[in-house]
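Listing of my_file-v1.csv, CSV, C-alpha atoms and all ligand atoms
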chain,number,residue,atom,x,y,z
S,103,MET,CA,113.6,-40.3,-88.0
S,104,PRO,CA,112.5,-37.1,-89.7
S,105,GLU,CA,114.7,-34.0,-90.3
S,106,LEU,CA,115.0,-32.3,-86.9
S,107,ASN,CA,116.8,-29.2,-88.0
S,108,PHE,CA,114.4,-26.3,-87.6
S,109,ASP,CA,116.8,-23.6,-88.6
S,110,GLY,CA,114.9,-20.9,-90.5
S,111,HIS,CA,111.4,-22.2,-89.4
S,112,ASN,CA,108.9,-19.9,-87.8
S,113,THR,CA,109.2,-20.6,-84.1
S,114,LEU,CA,106.8,-17.9,-83.1
S,115,TYR,CA,103.5,-19.4,-84.2
S,116,ALA,CA,100.5,-19.7,-81.8
S,117,SER,CA,101.5,-18.2,-78.5
S,118,HIS,CA,105.2,-19.0,-78.7
S,119,GLY,CA,106.2,-15.4,-79.3
S,120,LEU,CA,104.3,-13.8,-76.4
S,121,HIS,CA,107.4,-13.1,-74.4
S,122,ALA,CA,111.1,-13.4,-75.1
S,123,TYR,CA,112.9,-16.1,-73.1
S,124,ALA,CA,116.5,-17.2,-73.1
S,125,ALA,CA,117.3,-20.7,-74.5
S,126,LYS,CA,113.7,-21.4,-75.6
S,127,CYS,CA,113.3,-24.8,-77.2
S,128,PRO,CA,112.2,-24.8,-80.9
S,129,PRO,CA,108.5,-25.7,-80.7
S,130,GLN,CA,108.8,-28.0,-83.7
S,131,LEU,CA,111.2,-30.2,-81.8
S,132,VAL,CA,108.8,-30.4,-78.8
S,133,ARG,CA,105.9,-31.1,-81.2
S,134,TYR,CA,107.8,-34.0,-82.7
S,135,GLY,CA,108.6,-35.5,-79.3
S,136,ILE,CA,105.1,-35.2,-78.0
S,137,ARG,CA,103.4,-36.5,-81.2
S,138,TYR,CA,105.7,-39.6,-81.5
S,139,TYR,CA,106.1,-40.5,-77.8
S,140,SER,CA,102.7,-39.9,-76.3
S,141,ARG,CA,99.0,-40.1,-77.2
S,142,PRO,CA,96.1,-37.6,-76.9
S,143,GLY,CA,94.9,-37.6,-73.2
S,144,ASP,CA,98.3,-38.6,-71.9
S,145,THR,CA,100.1,-36.5,-69.2
S,146,VAL,CA,103.3,-34.7,-70.3
S,147,LEU,CA,105.6,-33.2,-67.7
S,148,ASP,CA,108.2,-30.5,-68.1
S,149,PRO,CA,110.1,-30.2,-64.8
S,150,MET,CA,112.0,-27.0,-66.0
S,151,ALA,CA,109.3,-25.5,-68.2
S,152,GLY,CA,110.7,-22.0,-68.7
S,153,SER,CA,108.4,-20.0,-70.8
S,154,GLY,CA,106.2,-23.0,-71.5
S,155,THR,CA,107.0,-24.3,-75.0
S,156,THR,CA,106.3,-27.9,-73.9
S,157,LEU,CA,103.0,-26.8,-72.2
S,158,VAL,CA,101.8,-24.9,-75.3
S,159,GLU,CA,102.6,-27.8,-77.6
S,160,ALA,CA,101.0,-30.4,-75.2
S,161,ARG,CA,97.9,-28.2,-75.1
S,162,LEU,CA,97.8,-27.9,-78.9
S,163,LEU,CA,98.1,-31.7,-79.2
S,164,GLY,CA,95.4,-32.5,-76.6
S,165,ARG,CA,97.8,-33.8,-73.9
S,166,ARG,CA,97.4,-32.9,-70.3
S,167,ALA,CA,100.4,-30.8,-69.3
S,168,ILE,CA,102.3,-30.2,-66.0
S,169,GLY,CA,105.0,-27.7,-65.9
S,170,TYR,CA,107.4,-26.8,-63.0
S,171,ASP,CA,109.8,-24.0,-62.8
S,172,ILE,CA,111.8,-22.4,-60.0
S,173,ASP,CA,111.4,-18.9,-61.6
S,174,PRO,CA,108.2,-17.0,-60.8
S,175,LEU,CA,108.3,-14.9,-64.0
S,176,ALA,CA,108.7,-18.0,-66.1
S,177,ARG,CA,105.6,-19.5,-64.5
S,178,LEU,CA,103.6,-16.4,-65.1
S,179,ILE,CA,104.6,-16.4,-68.8
S,180,ALA,CA,104.1,-20.2,-69.2
S,181,GLY,CA,100.6,-20.0,-67.7
S,182,VAL,CA,99.5,-17.2,-70.0
S,183,LYS,CA,100.9,-18.8,-73.1
S,184,SER,CA,99.4,-22.2,-72.5
S,185,ARG,CA,95.8,-21.3,-71.7
S,186,PRO,CA,93.4,-20.0,-74.4
S,187,LEU,CA,92.0,-16.5,-73.7
S,188,GLU,CA,89.2,-14.8,-75.7
S,189,ASP,CA,90.2,-11.7,-77.5
S,190,SER,CA,87.0,-9.8,-76.5
S,191,ALA,CA,88.0,-10.2,-72.8
S,192,ILE,CA,91.5,-8.9,-73.5
S,193,GLU,CA,90.1,-5.9,-75.4
S,194,ARG,CA,87.9,-4.9,-72.5
S,195,GLY,CA,90.6,-5.2,-69.9
S,196,TYR,CA,93.2,-3.5,-72.0
S,197,GLY,CA,90.8,-0.7,-73.0
S,198,SER,CA,90.1,0.2,-69.3
S,199,VAL,CA,93.7,0.1,-68.3
S,200,ILE,CA,94.9,2.3,-71.2
S,201,ASP,CA,92.2,4.9,-70.6
S,202,ARG,CA,93.2,5.3,-67.0
S,203,VAL,CA,96.9,5.4,-67.8
S,204,GLU,CA,96.4,8.0,-70.5
S,205,LYS,CA,94.3,10.2,-68.2
S,206,ASP,CA,97.0,10.0,-65.4
S,207,LEU,CA,99.8,10.9,-67.9
S,208,ALA,CA,97.7,13.9,-69.2
S,209,LEU,CA,97.1,15.1,-65.6
S,210,LEU,CA,100.8,14.8,-64.8
S,211,LYS,CA,101.6,16.8,-67.9
S,212,SER,CA,99.1,19.5,-67.0
S,213,GLY,CA,100.5,19.8,-63.5
S,214,LYS,CA,97.1,18.9,-61.8
S,215,ILE,CA,98.6,16.3,-59.5
S,216,SER,CA,96.5,15.0,-56.7
S,217,GLU,CA,97.9,13.0,-53.7
S,218,ALA,CA,96.4,9.8,-55.2
S,219,LEU,CA,98.1,10.4,-58.5
S,220,LYS,CA,101.4,11.1,-56.8
S,221,ARG,CA,101.1,7.7,-55.1
S,222,ARG,CA,100.3,6.0,-58.4
S,223,ALA,CA,103.3,7.6,-60.0
S,224,THR,CA,105.7,6.7,-57.2
S,225,VAL,CA,108.6,4.8,-58.6
S,226,PRO,CA,109.6,1.6,-56.7
S,227,VAL,CA,112.9,1.8,-54.8
S,228,PHE,CA,115.7,-0.5,-56.1
S,229,LYS,CA,119.4,-0.3,-56.7
S,230,ASN,CA,120.5,1.7,-59.8
S,231,CYS,CA,116.9,2.4,-60.8
S,232,ASP,CA,118.0,5.8,-62.2
S,233,TYR,CA,120.7,4.2,-64.2
S,234,TRP,CA,118.5,1.6,-65.9
S,235,PHE,CA,115.4,3.7,-66.3
S,236,SER,CA,115.0,7.4,-67.2
S,237,PRO,CA,112.7,9.2,-64.8
S,238,LYS,CA,109.9,9.6,-67.3
S,239,VAL,CA,109.9,6.0,-68.3
S,240,ALA,CA,110.0,4.9,-64.6
S,241,VAL,CA,106.9,7.1,-63.8
S,242,ALA,CA,105.0,5.8,-66.8
S,243,LEU,CA,105.8,2.2,-65.9
S,244,SER,CA,104.7,2.8,-62.3
S,245,ILE,CA,101.3,4.2,-63.5
S,246,LEU,CA,100.9,1.4,-65.9
S,247,SER,CA,101.8,-1.2,-63.3
S,248,HIS,CA,99.3,0.4,-60.9
S,249,HIS,CA,96.4,0.2,-63.3
S,250,VAL,CA,97.2,-3.3,-64.5
S,251,SER,CA,97.1,-4.3,-60.8
S,252,VAL,CA,93.9,-2.6,-59.7
S,253,THR,CA,91.6,-2.2,-62.7
S,254,GLN,CA,88.6,-4.6,-62.6
S,255,MET,CA,89.0,-7.4,-65.1
S,256,ALA,CA,89.2,-11.2,-65.3
S,257,GLU,CA,92.3,-12.5,-63.6
S,258,ALA,CA,93.4,-14.3,-66.8
S,259,VAL,CA,93.3,-11.0,-68.7
S,260,ARG,CA,95.2,-9.3,-65.9
S,261,LYS,CA,98.0,-11.9,-66.2
S,262,PHE,CA,98.1,-11.4,-69.9
S,263,LEU,CA,98.6,-7.7,-69.4
S,264,TRP,CA,101.4,-8.3,-66.8
S,265,VAL,CA,103.2,-10.4,-69.4
S,266,ALA,CA,102.7,-7.6,-71.9
S,267,LEU,CA,104.2,-5.1,-69.4
S,268,SER,CA,107.1,-7.4,-68.7
S,269,SER,CA,107.7,-7.9,-72.5
S,270,THR,CA,108.2,-4.1,-72.9
S,271,ILE,CA,111.2,-4.3,-70.5
S,272,LEU,CA,112.7,-7.8,-71.2
S,273,ALA,CA,113.1,-7.2,-74.9
S,274,LYS,CA,115.6,-6.7,-77.6
S,275,LYS,CA,114.5,-3.1,-77.7
S,276,SER,CA,113.6,-2.4,-74.1
S,277,VAL,CA,112.1,0.7,-72.6
S,278,ALA,CA,114.9,0.4,-70.1
S,279,ASN,CA,118.3,1.8,-70.8
S,280,ALA,CA,119.6,-1.6,-71.9
S,281,ARG,CA,119.6,-3.8,-75.0
S,282,ASP,CA,119.2,-7.5,-75.6
S,283,ILE,CA,118.4,-7.9,-72.0
S,284,ILE,CA,117.2,-11.5,-72.1
S,285,HIS,CA,120.1,-13.0,-74.1
S,286,SER,CA,123.2,-11.3,-72.8
S,287,ARG,CA,124.6,-9.5,-69.8
S,288,HIS,CA,122.9,-6.1,-69.5
S,289,HIS,CA,124.8,-3.3,-70.9
S,290,TYR,CA,123.9,0.4,-70.8
S,291,TYR,CA,122.2,1.7,-73.9
S,292,GLU,CA,121.3,5.3,-74.3
S,293,HIS,CA,118.1,5.9,-76.3
S,294,SER,CA,118.4,8.6,-78.9
S,295,GLU,CA,114.7,9.4,-78.2
S,296,MET,CA,112.9,8.8,-74.9
S,297,PRO,CA,110.9,5.5,-75.2
S,298,ASP,CA,107.2,6.0,-75.2
S,299,VAL,CA,106.0,3.4,-72.6
S,300,VAL,CA,102.3,3.5,-73.5
S,301,ALA,CA,103.0,3.2,-77.3
S,302,ARG,CA,105.4,0.3,-76.7
S,303,PHE,CA,102.8,-1.4,-74.4
S,304,ALA,CA,100.0,-0.9,-77.0
S,305,THR,CA,102.2,-2.4,-79.7
S,306,ARG,CA,103.0,-5.4,-77.5
S,307,VAL,CA,99.4,-6.0,-76.7
S,308,ARG,CA,98.4,-5.7,-80.3
S,309,ILE,CA,100.9,-8.3,-81.4
S,310,MET,CA,100.2,-10.6,-78.4
S,311,ARG,CA,96.4,-10.5,-79.2
S,312,ARG,CA,97.0,-11.7,-82.7
S,313,GLN,CA,99.3,-14.5,-81.4
S,314,MET,CA,96.7,-15.5,-78.7
S,315,GLU,CA,94.0,-15.6,-81.4
S,316,ASP,CA,96.2,-17.9,-83.5
S,317,PHE,CA,96.8,-20.1,-80.4
S,318,CYS,CA,93.0,-20.3,-79.7
S,319,ARG,CA,92.2,-21.2,-83.3
S,320,ARG,CA,94.8,-24.0,-83.2
S,321,CYS,CA,93.6,-25.2,-79.8
S,322,GLY,CA,90.2,-25.8,-81.5
S,323,GLU,CA,91.8,-28.5,-83.6
S,324,SER,CA,92.2,-30.9,-80.7
S,325,ASP,CA,90.3,-31.9,-77.5
S,326,ALA,CA,90.6,-29.4,-74.7
S,327,SER,CA,93.1,-30.6,-72.0
S,328,GLU,CA,94.3,-29.3,-68.6
S,329,VAL,CA,97.5,-27.4,-68.1
S,330,ALA,CA,99.0,-27.0,-64.6
S,331,VAL,CA,101.9,-24.7,-63.9
S,332,ARG,CA,103.5,-25.1,-60.6
S,333,GLY,CA,106.4,-23.6,-58.6
S,334,GLY,CA,109.0,-26.0,-57.4
S,335,ASP,CA,112.3,-27.6,-57.8
S,336,ALA,CA,113.0,-30.2,-60.6
S,337,ARG,CA,115.2,-32.1,-58.1
S,338,ARG,CA,112.1,-32.8,-55.8
S,339,LEU,CA,108.9,-32.7,-57.8
S,340,GLY,CA,105.5,-32.9,-56.1
S,341,VAL,CA,104.3,-35.5,-58.6
S,342,GLY,CA,103.3,-39.0,-57.7
S,343,ASP,CA,105.3,-42.1,-58.7
S,344,GLU,CA,104.6,-43.5,-62.1
S,345,THR,CA,101.9,-41.0,-63.1
S,346,VAL,CA,103.5,-39.3,-66.1
S,347,ASP,CA,103.5,-40.6,-69.7
S,348,LEU,CA,106.2,-38.4,-71.2
S,349,VAL,CA,108.8,-36.0,-69.9
S,350,PHE,CA,110.0,-33.4,-72.3
S,351,THR,CA,112.5,-30.8,-71.1
S,352,SER,CA,115.3,-28.6,-72.2
S,353,PRO,CA,117.3,-27.9,-69.0
S,354,PRO,CA,119.8,-25.1,-68.4
S,355,TYR,CA,123.4,-25.7,-69.1
S,356,ALA,CA,126.4,-25.4,-66.7
S,357,THR,CA,127.2,-21.7,-66.0
S,358,ALA,CA,125.5,-20.6,-69.3
S,359,LEU,CA,122.6,-18.4,-68.2
S,360,ASP,CA,121.7,-16.5,-65.2
S,361,TYR,CA,117.9,-16.2,-65.3
S,362,PRO,CA,117.4,-13.9,-62.3
S,363,ARG,CA,119.9,-11.5,-63.8
S,364,ALA,CA,118.2,-11.7,-67.2
S,365,HIS,CA,114.8,-10.9,-65.6
S,366,PHE,CA,115.5,-8.6,-62.7
S,367,LEU,CA,114.7,-5.3,-64.5
S,368,ALA,CA,111.1,-6.3,-64.8
S,369,ILE,CA,110.7,-7.4,-61.2
S,370,PRO,CA,110.2,-4.0,-59.5
S,371,TRP,CA,107.2,-3.2,-61.7
S,372,MET,CA,105.6,-6.5,-61.2
S,373,HIS,CA,105.6,-6.6,-57.4
S,374,ASP,CA,101.8,-6.8,-57.2
S,375,ILE,CA,101.7,-10.1,-59.2
S,376,LEU,CA,104.9,-11.7,-58.2
S,377,ASN,CA,105.0,-10.4,-54.6
S,378,LEU,CA,108.8,-10.1,-54.7
S,379,THR,CA,111.4,-7.4,-54.3
S,380,VAL,CA,114.4,-7.4,-56.6
S,381,GLU,CA,116.6,-8.3,-53.6
S,382,LYS,CA,114.5,-11.3,-52.7
S,383,TYR,CA,114.4,-12.5,-56.3
S,384,LEU,CA,118.1,-12.3,-56.7
S,385,ALA,CA,118.7,-14.0,-53.4
S,386,LYS,CA,117.1,-17.1,-54.8
S,387,ALA,CA,119.5,-17.3,-57.8
S,388,PRO,CA,121.9,-19.8,-56.1
S,389,ARG,CA,119.0,-22.4,-56.2
S,390,TYR,CA,118.8,-22.3,-60.0
S,391,ILE,CA,120.5,-25.3,-61.7
S,392,GLY,CA,123.5,-24.3,-63.8
S,393,THR,CA,124.0,-21.0,-62.0
S,394,GLU,CA,127.4,-19.4,-61.3
S,395,ARG,CA,126.1,-17.9,-58.1
S,396,GLY,CA,126.3,-19.2,-54.6
S,397,SER,CA,128.8,-21.4,-52.9
S,398,CYS,CA,131.0,-23.4,-55.2
S,399,LYS,CA,132.7,-25.4,-52.4
S,400,GLU,CA,130.6,-28.4,-53.3
S,401,PRO,CA,130.5,-30.9,-54.6
S,402,ASP,CA,132.9,-33.2,-52.8
S,403,PRO,CA,135.1,-34.5,-55.6
S,404,LYS,CA,134.4,-38.1,-54.4
S,405,SER,CA,130.7,-37.8,-55.4
S,406,LEU,CA,131.8,-38.0,-59.1
S,407,GLU,CA,133.9,-41.1,-58.5
S,408,GLY,CA,132.8,-44.0,-60.6
S,409,TYR,CA,131.4,-41.7,-63.3
S,410,LYS,CA,134.2,-41.6,-65.8
S,411,LYS,CA,132.7,-39.1,-68.2
S,412,ALA,CA,131.7,-36.6,-65.6
S,413,SER,CA,135.0,-36.9,-63.6
S,414,SER,CA,137.2,-36.6,-66.7
S,415,VAL,CA,135.4,-33.3,-67.8
S,416,VAL,CA,135.7,-31.9,-64.4
S,417,ALA,CA,139.4,-32.9,-64.1
S,418,LYS,CA,140.2,-31.1,-67.4
S,419,LEU,CA,138.4,-28.0,-66.2
S,420,GLU,CA,140.2,-28.1,-62.9
S,421,LYS,CA,143.4,-27.2,-64.6
S,422,GLN,CA,141.9,-24.2,-66.3
S,423,SER,CA,139.6,-22.9,-63.6
S,424,PRO,CA,139.0,-24.8,-60.3
S,425,ARG,CA,135.9,-22.6,-59.8
S,426,HIS,CA,134.3,-23.7,-63.1
S,427,ALA,CA,135.3,-27.3,-62.4
S,428,ARG,CA,133.4,-27.2,-59.2
S,429,LEU,CA,130.4,-25.4,-60.7
S,430,THR,CA,130.2,-27.9,-63.5
S,431,GLY,CA,130.5,-30.8,-61.1
S,432,ARG,CA,127.6,-29.4,-59.1
S,433,TYR,CA,125.6,-29.0,-62.3
S,434,PHE,CA,126.2,-32.6,-63.3
S,435,LEU,CA,125.1,-33.8,-59.9
S,436,ASP,CA,122.0,-31.6,-59.9
S,437,MET,CA,121.0,-33.0,-63.3
S,438,LYS,CA,121.5,-36.5,-61.9
S,439,LYS,CA,118.9,-35.7,-59.3
S,440,VAL,CA,116.6,-34.3,-61.9
S,441,LEU,CA,117.0,-37.4,-64.1
S,442,PHE,CA,116.3,-39.7,-61.2
S,443,GLU,CA,113.2,-37.7,-60.4
S,444,MET,CA,112.0,-38.0,-64.0
S,445,GLN,CA,112.5,-41.8,-63.7
S,446,ARG,CA,110.5,-41.9,-60.5
S,447,VAL,CA,107.4,-40.1,-61.9
S,448,LEU,CA,107.4,-41.8,-65.3
S,449,ARG,CA,105.1,-44.8,-65.9
S,450,ARG,CA,106.9,-48.0,-66.9
S,451,ASP,CA,108.3,-48.2,-70.4
S,452,LYS,CA,107.6,-44.5,-71.1
S,453,TYR,CA,110.1,-41.9,-72.3
S,454,ALA,CA,112.0,-38.8,-71.2
S,455,ILE,CA,113.3,-36.5,-73.8
S,456,VAL,CA,116.0,-34.2,-72.6
S,457,VAL,CA,117.3,-31.6,-75.1
S,458,VAL,CA,120.9,-30.7,-74.5
S,459,CYS,CA,123.9,-30.0,-76.7
S,460,PRO,CA,127.7,-29.9,-76.2
S,461,SER,CA,129.2,-26.6,-75.1
S,462,HIS,CA,132.5,-25.1,-74.1
S,463,ILE,CA,133.6,-23.7,-70.8
S,464,ARG,CA,137.0,-22.0,-70.7
S,465,LYS,CA,137.8,-23.6,-74.0
S,466,ILE,CA,137.2,-27.1,-72.6
S,467,ALA,CA,134.6,-29.2,-74.4
S,468,ILE,CA,131.6,-30.1,-72.2
S,469,PRO,CA,129.8,-33.0,-73.6
S,470,THR,CA,126.7,-32.6,-71.4
S,471,HIS,CA,124.7,-35.0,-73.5
S,472,GLU,CA,127.2,-37.8,-72.9
S,473,VAL,CA,127.5,-37.1,-69.2
S,474,LEU,CA,123.7,-37.2,-68.7
S,475,GLN,CA,123.5,-40.5,-70.6
S,476,SER,CA,126.3,-41.9,-68.4
S,477,TRP,CA,124.2,-41.4,-65.2
S,478,GLU,CA,122.0,-44.3,-66.5
S,479,LYS,CA,124.8,-46.5,-65.0
S,480,GLY,CA,123.8,-45.5,-61.5
S,481,TRP,CA,120.1,-46.1,-61.9
S,482,ALA,CA,118.3,-48.8,-60.0
A,501,LIG,C1,116.5,-23.6,-70.8
A,501,LIG,S1,115.2,-23.0,-69.8
A,501,LIG,C2,113.8,-23.9,-70.4
A,501,LIG,C3,113.2,-23.2,-71.6
A,501,LIG,C4,111.9,-23.8,-72.0
A,501,LIG,N1,112.1,-25.1,-72.6
A,501,LIG,C5,111.3,-22.9,-73.0
A,501,LIG,O1,111.2,-23.3,-74.2
A,501,LIG,O2,110.9,-21.8,-72.6
A,501,LIG,C6,115.6,-23.8,-68.3
A,501,LIG,C7,114.7,-23.5,-67.1
A,501,LIG,O3,115.1,-24.2,-66.0
A,501,LIG,C8,114.7,-23.4,-64.9
A,501,LIG,N2,115.3,-24.0,-63.7
A,501,LIG,C9,116.6,-23.8,-63.2
A,501,LIG,N3,116.8,-24.5,-62.1
A,501,LIG,C10,115.6,-25.1,-61.8
A,501,LIG,C11,115.2,-25.9,-60.7
A,501,LIG,N4,116.0,-26.3,-59.7
A,501,LIG,N5,113.9,-26.4,-60.7
A,501,LIG,C12,113.1,-26.1,-61.7
A,501,LIG,N6,113.4,-25.2,-62.7
A,501,LIG,C13,114.7,-24.8,-62.8
A,501,LIG,C14,115.0,-22.0,-65.2
A,501,LIG,O4,114.3,-21.1,-64.4
A,501,LIG,C15,114.7,-22.0,-66.7
A,501,LIG,O5,113.4,-21.4,-66.9
As structure tokens, please, write out the structure in this file.
Amino acid sequence: MPELNFDGHNTLYASHGLHAYAAKCPPQLVRYGIRYYSRPGDTVLDPMAGSGTTLVEARLLGRRAIGYDIDPLARLIAGVKSRPLEDSAIERGYGSVIDRVEKDLALLKSGKISEALKRRATVPVFKNCDYWFSPKVAVALSILSHHVSVTQMAEAVRKFLWVALSSTILAKKSVANARDIIHSRHHYYEHSEMPDVVARFATRVRIMRRQMEDFCRRCGESDASEVAVRGGDARRLGVGDETVDLVFTSPPYATALDYPRAHFLAIPWMHDILNLTVEKYLAKAPRYIGTERGSCKEPDPKSLEGYKKASSVVAKLEKQSPRHARLTGRYFLDMKKVLFEMQRVLRRDKYAIVVVCPSHIRKIAIPTHEVLQSWEKGWA
């Protein structure tokens, strides 16, 4: 077993740094798993693919890749990151968009505002928009979003530019009035200077183009392979029985992260690609595994009977917080479904690698790795 501690390693090579994402898996760990437990041409599945680390590494190593995620923004990011895209095509698409955006902003400044420009500059309606975005930033984002949506260009380039737009908002230094959006609860942040949306977008595109070039160059070192990114639920995958050679995934943890909350500030500006309102997006949050949202009446305590590890963790939590006990029980049972589904789709004698680590909820140790291993007992 080689050293699997990747602390201090560069985790942003190839396209891995195209967009921030909470709880990304270190690509070196994925690379190790794929290299040692599959062969070129094999099919690798990630049922909770997030921003696509597994898909990128599978593509770099010449494996066919299938990624599922319940989150539409994750799927957009994962798709863009895992498919090579020529820089000259990006340059053309980006050039046309930025020309149009700059013209519109100059017209707005000069006061020559046509009805059409008014429409392009109309800010989407959503709760607390004025709180999270200053008016000038909101108008610039609306104009940018409009031109990314309608300017003629290859669809793959358009998706790349949508990811660039999203990454100006969901960033450590966001154009929104918030900081560290992806990794923590949003908190208000007052900019000392008004963020320049066009300049931030230009910087993001410049960095992303370099990263995409690196990805394309590295892709050239192995045979081309197909990557499929699909919407769906890891508890019921649309994948045939015994068709996958390796599963590699890093699932969410119990009550740790709320992906819709982490992403919602980008959603209003991406309506044309995601076809979602913020309200609809947030309404789907209870279906995410590990979420704190939705009903926590389930599970029936009896459903954990016979699983010593899971029941003892939940019983300890019950004394501290019955709500967290129930949410954690629900998480364990959801993950049981995911593990059974992985077993169904894997070919005989093939492997599933599930990256989890112990955590704490209300000061109670949650040995998720041990609980997930214990489900093996119930397998047919
Ligand atoms: C820890 S993240 C995966 C990160 C990924 N390995 C990466 O490096 O970007 C877990 C993912 O599980 C997804 N997820 C949560 N519930 C799901 C479900 N029921 N079906 C599929 N995906 C789900 C979340 O949207 C999130 O993207």
Cut-off 7 Å: closest chain S/ligand LIG 501 (chain A) atom pairs per residue, using all atoms listed in the file, as a Markdown table:
| residue | atom | partner | partner_atom | distance |
| --- | --- | --- | --- | --- |
| S:Tyr123 | CA | A:LIG501 | O2 | 6.1 |
| S:Ala124 | CA | A:LIG501 | S1 | 6.8 |
| S:Ala125 | CA | A:LIG501 | C1 | 4.8 |
| S:Lys126 | CA | A:LIG501 | O1 | 3.4 |
| S:Cys127 | CA | A:LIG501 | O1 | 4.0 |
| S:Pro128 | CA | A:LIG501 | O1 | 6.9 |
| S:Pro149 | CA | A:LIG501 | C12 | 6.0 |
| S:Met150 | CA | A:LIG501 | N6 | 4.0 |
| S:Ala151 | CA | A:LIG501 | C4 | 4.9 |
| S:Gly152 | CA | A:LIG501 | O5 | 3.3 |
| S:Ser153 | CA | A:LIG501 | O2 | 3.6 |
| S:Gly154 | CA | A:LIG501 | O2 | 5.0 |
| S:Thr155 | CA | A:LIG501 | O1 | 4.4 |
| S:Thr156 | CA | A:LIG501 | N1 | 6.6 |
| S:Tyr170 | CA | A:LIG501 | C12 | 5.9 |
| S:Asp171 | CA | A:LIG501 | N6 | 3.8 |
| S:Ile172 | CA | A:LIG501 | N6 | 4.2 |
| S:Asp173 | CA | A:LIG501 | O4 | 4.6 |
| S:Ala176 | CA | A:LIG501 | O5 | 5.9 |
| S:Gly334 | CA | A:LIG501 | N5 | 5.9 |
| S:Asp335 | CA | A:LIG501 | N5 | 3.5 |
| S:Ala336 | CA | A:LIG501 | N5 | 3.9 |
| S:Arg337 | CA | A:LIG501 | N4 | 6.1 |
| S:Thr351 | CA | A:LIG501 | N1 | 5.9 |
| S:Ser352 | CA | A:LIG501 | N1 | 4.8 |
| S:Pro353 | CA | A:LIG501 | C6 | 4.5 |
| S:Pro354 | CA | A:LIG501 | C1 | 4.3 |
| S:Tyr361 | CA | A:LIG501 | O4 | 6.1 |
| S:Arg389 | CA | A:LIG501 | N4 | 6.0 |
| S:Tyr390 | CA | A:LIG501 | N3 | 3.6 |
| S:Ile391 | CA | A:LIG501 | N3 | 3.8 |
| S:Gly392 | CA | A:LIG501 | N3 | 6.9 |
Residues of range 170-263 of chain S that approach range 271-288 of chain S to 9 Å or less, counting only C-alpha atoms: could you list each one with the shortest pair of atoms and its distance in Å to one decimal, rows by chain and increasing residue number, as CSV?
residue,atom,partner,partner_atom,distance
S:Tyr233,CA,S:Asn279,CA,7.4
S:Trp234,CA,S:Asn279,CA,4.9
S:Phe235,CA,S:Ala278,CA,5.1
S:Ser236,CA,S:Asn279,CA,7.4
S:Val239,CA,S:Val277,CA,7.2
S:Ala240,CA,S:Ala278,CA,8.6
(message) For a test of reading the model, state the distance in Å between CA of Val227 in chain S and CA of His365 in chain S, rounded to one decimal.
(response)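 Those two atoms sit 16.8 Å apart.
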(message) Calculated over all atoms listed in the file, which of the candidates S:Val241, S:Leu106, S:Leu207, S:Asp298 has the smallest distance to Pro226 in chain S?
(response)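 For Pro226 in chain S, the nearest of the given residues is S:Val241.
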(request) Please tell me which residues are no farther than 12 Å from (135.2, -28.1, -64.5) in the file, counting only C-alpha atoms, and write them as a PyMOL selection string. (result) chain S and resi 356-357+398+401+403+406+411-434+462-470
Tell me, as a PDB file with C-alpha atoms, in the frame of the given file, which residues lie within 12 Å of Met444 in chain S, counting all atoms listed in the file; anything in the same chain fewer than 5 positions away does not count.
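Saved to result.pdb:
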ATOM      1  CA  VAL S 146     103.300 -34.700 -70.300  1.00  0.00           C
ATOM      2  CA  LEU S 147     105.600 -33.200 -67.700  1.00  0.00           C
ATOM      3  CA  ASP S 148     108.200 -30.500 -68.100  1.00  0.00           C
ATOM      4  CA  PRO S 149     110.100 -30.200 -64.800  1.00  0.00           C
ATOM      5  CA  MET S 150     112.000 -27.000 -66.000  1.00  0.00           C
ATOM      6  CA  ALA S 336     113.000 -30.200 -60.600  1.00  0.00           C
ATOM      7  CA  ARG S 337     115.200 -32.100 -58.100  1.00  0.00           C
ATOM      8  CA  ARG S 338     112.100 -32.800 -55.800  1.00  0.00           C
ATOM      9  CA  LEU S 339     108.900 -32.700 -57.800  1.00  0.00           C
ATOM     10  CA  GLY S 340     105.500 -32.900 -56.100  1.00  0.00           C
ATOM     11  CA  VAL S 341     104.300 -35.500 -58.600  1.00  0.00           C
ATOM     12  CA  GLY S 342     103.300 -39.000 -57.700  1.00  0.00           C
ATOM     13  CA  ASP S 343     105.300 -42.100 -58.700  1.00  0.00           C
ATOM     14  CA  GLU S 344     104.600 -43.500 -62.100  1.00  0.00           C
ATOM     15  CA  THR S 345     101.900 -41.000 -63.100  1.00  0.00           C
ATOM     16  CA  VAL S 346     103.500 -39.300 -66.100  1.00  0.00           C
ATOM     17  CA  ASP S 347     103.500 -40.600 -69.700  1.00  0.00           C
ATOM     18  CA  LEU S 348     106.200 -38.400 -71.200  1.00  0.00           C
ATOM     19  CA  VAL S 349     108.800 -36.000 -69.900  1.00  0.00           C
ATOM     20  CA  PHE S 350     110.000 -33.400 -72.300  1.00  0.00           C
ATOM     21  CA  THR S 351     112.500 -30.800 -71.100  1.00  0.00           C
ATOM     22  CA  MET S 437     121.000 -33.000 -63.300  1.00  0.00           C
ATOM     23  CA  LYS S 438     121.500 -36.500 -61.900  1.00  0.00           C
ATOM     24  CA  LYS S 439     118.900 -35.700 -59.300  1.00  0.00           C
ATOM     25  CA  ARG S 449     105.100 -44.800 -65.900  1.00  0.00           C
ATOM     26  CA  ARG S 450     106.900 -48.000 -66.900  1.00  0.00           C
ATOM     27  CA  LYS S 452     107.600 -44.500 -71.100  1.00  0.00           C
ATOM     28  CA  TYR S 453     110.100 -41.900 -72.300  1.00  0.00           C
ATOM     29  CA  ALA S 454     112.000 -38.800 -71.200  1.00  0.00           C
ATOM     30  CA  ILE S 455     113.300 -36.500 -73.800  1.00  0.00           C
ATOM     31  CA  VAL S 456     116.000 -34.200 -72.600  1.00  0.00           C
ATOM     32  CA  TRP S 481     120.100 -46.100 -61.900  1.00  0.00           C
TER      33      TRP S 481
END
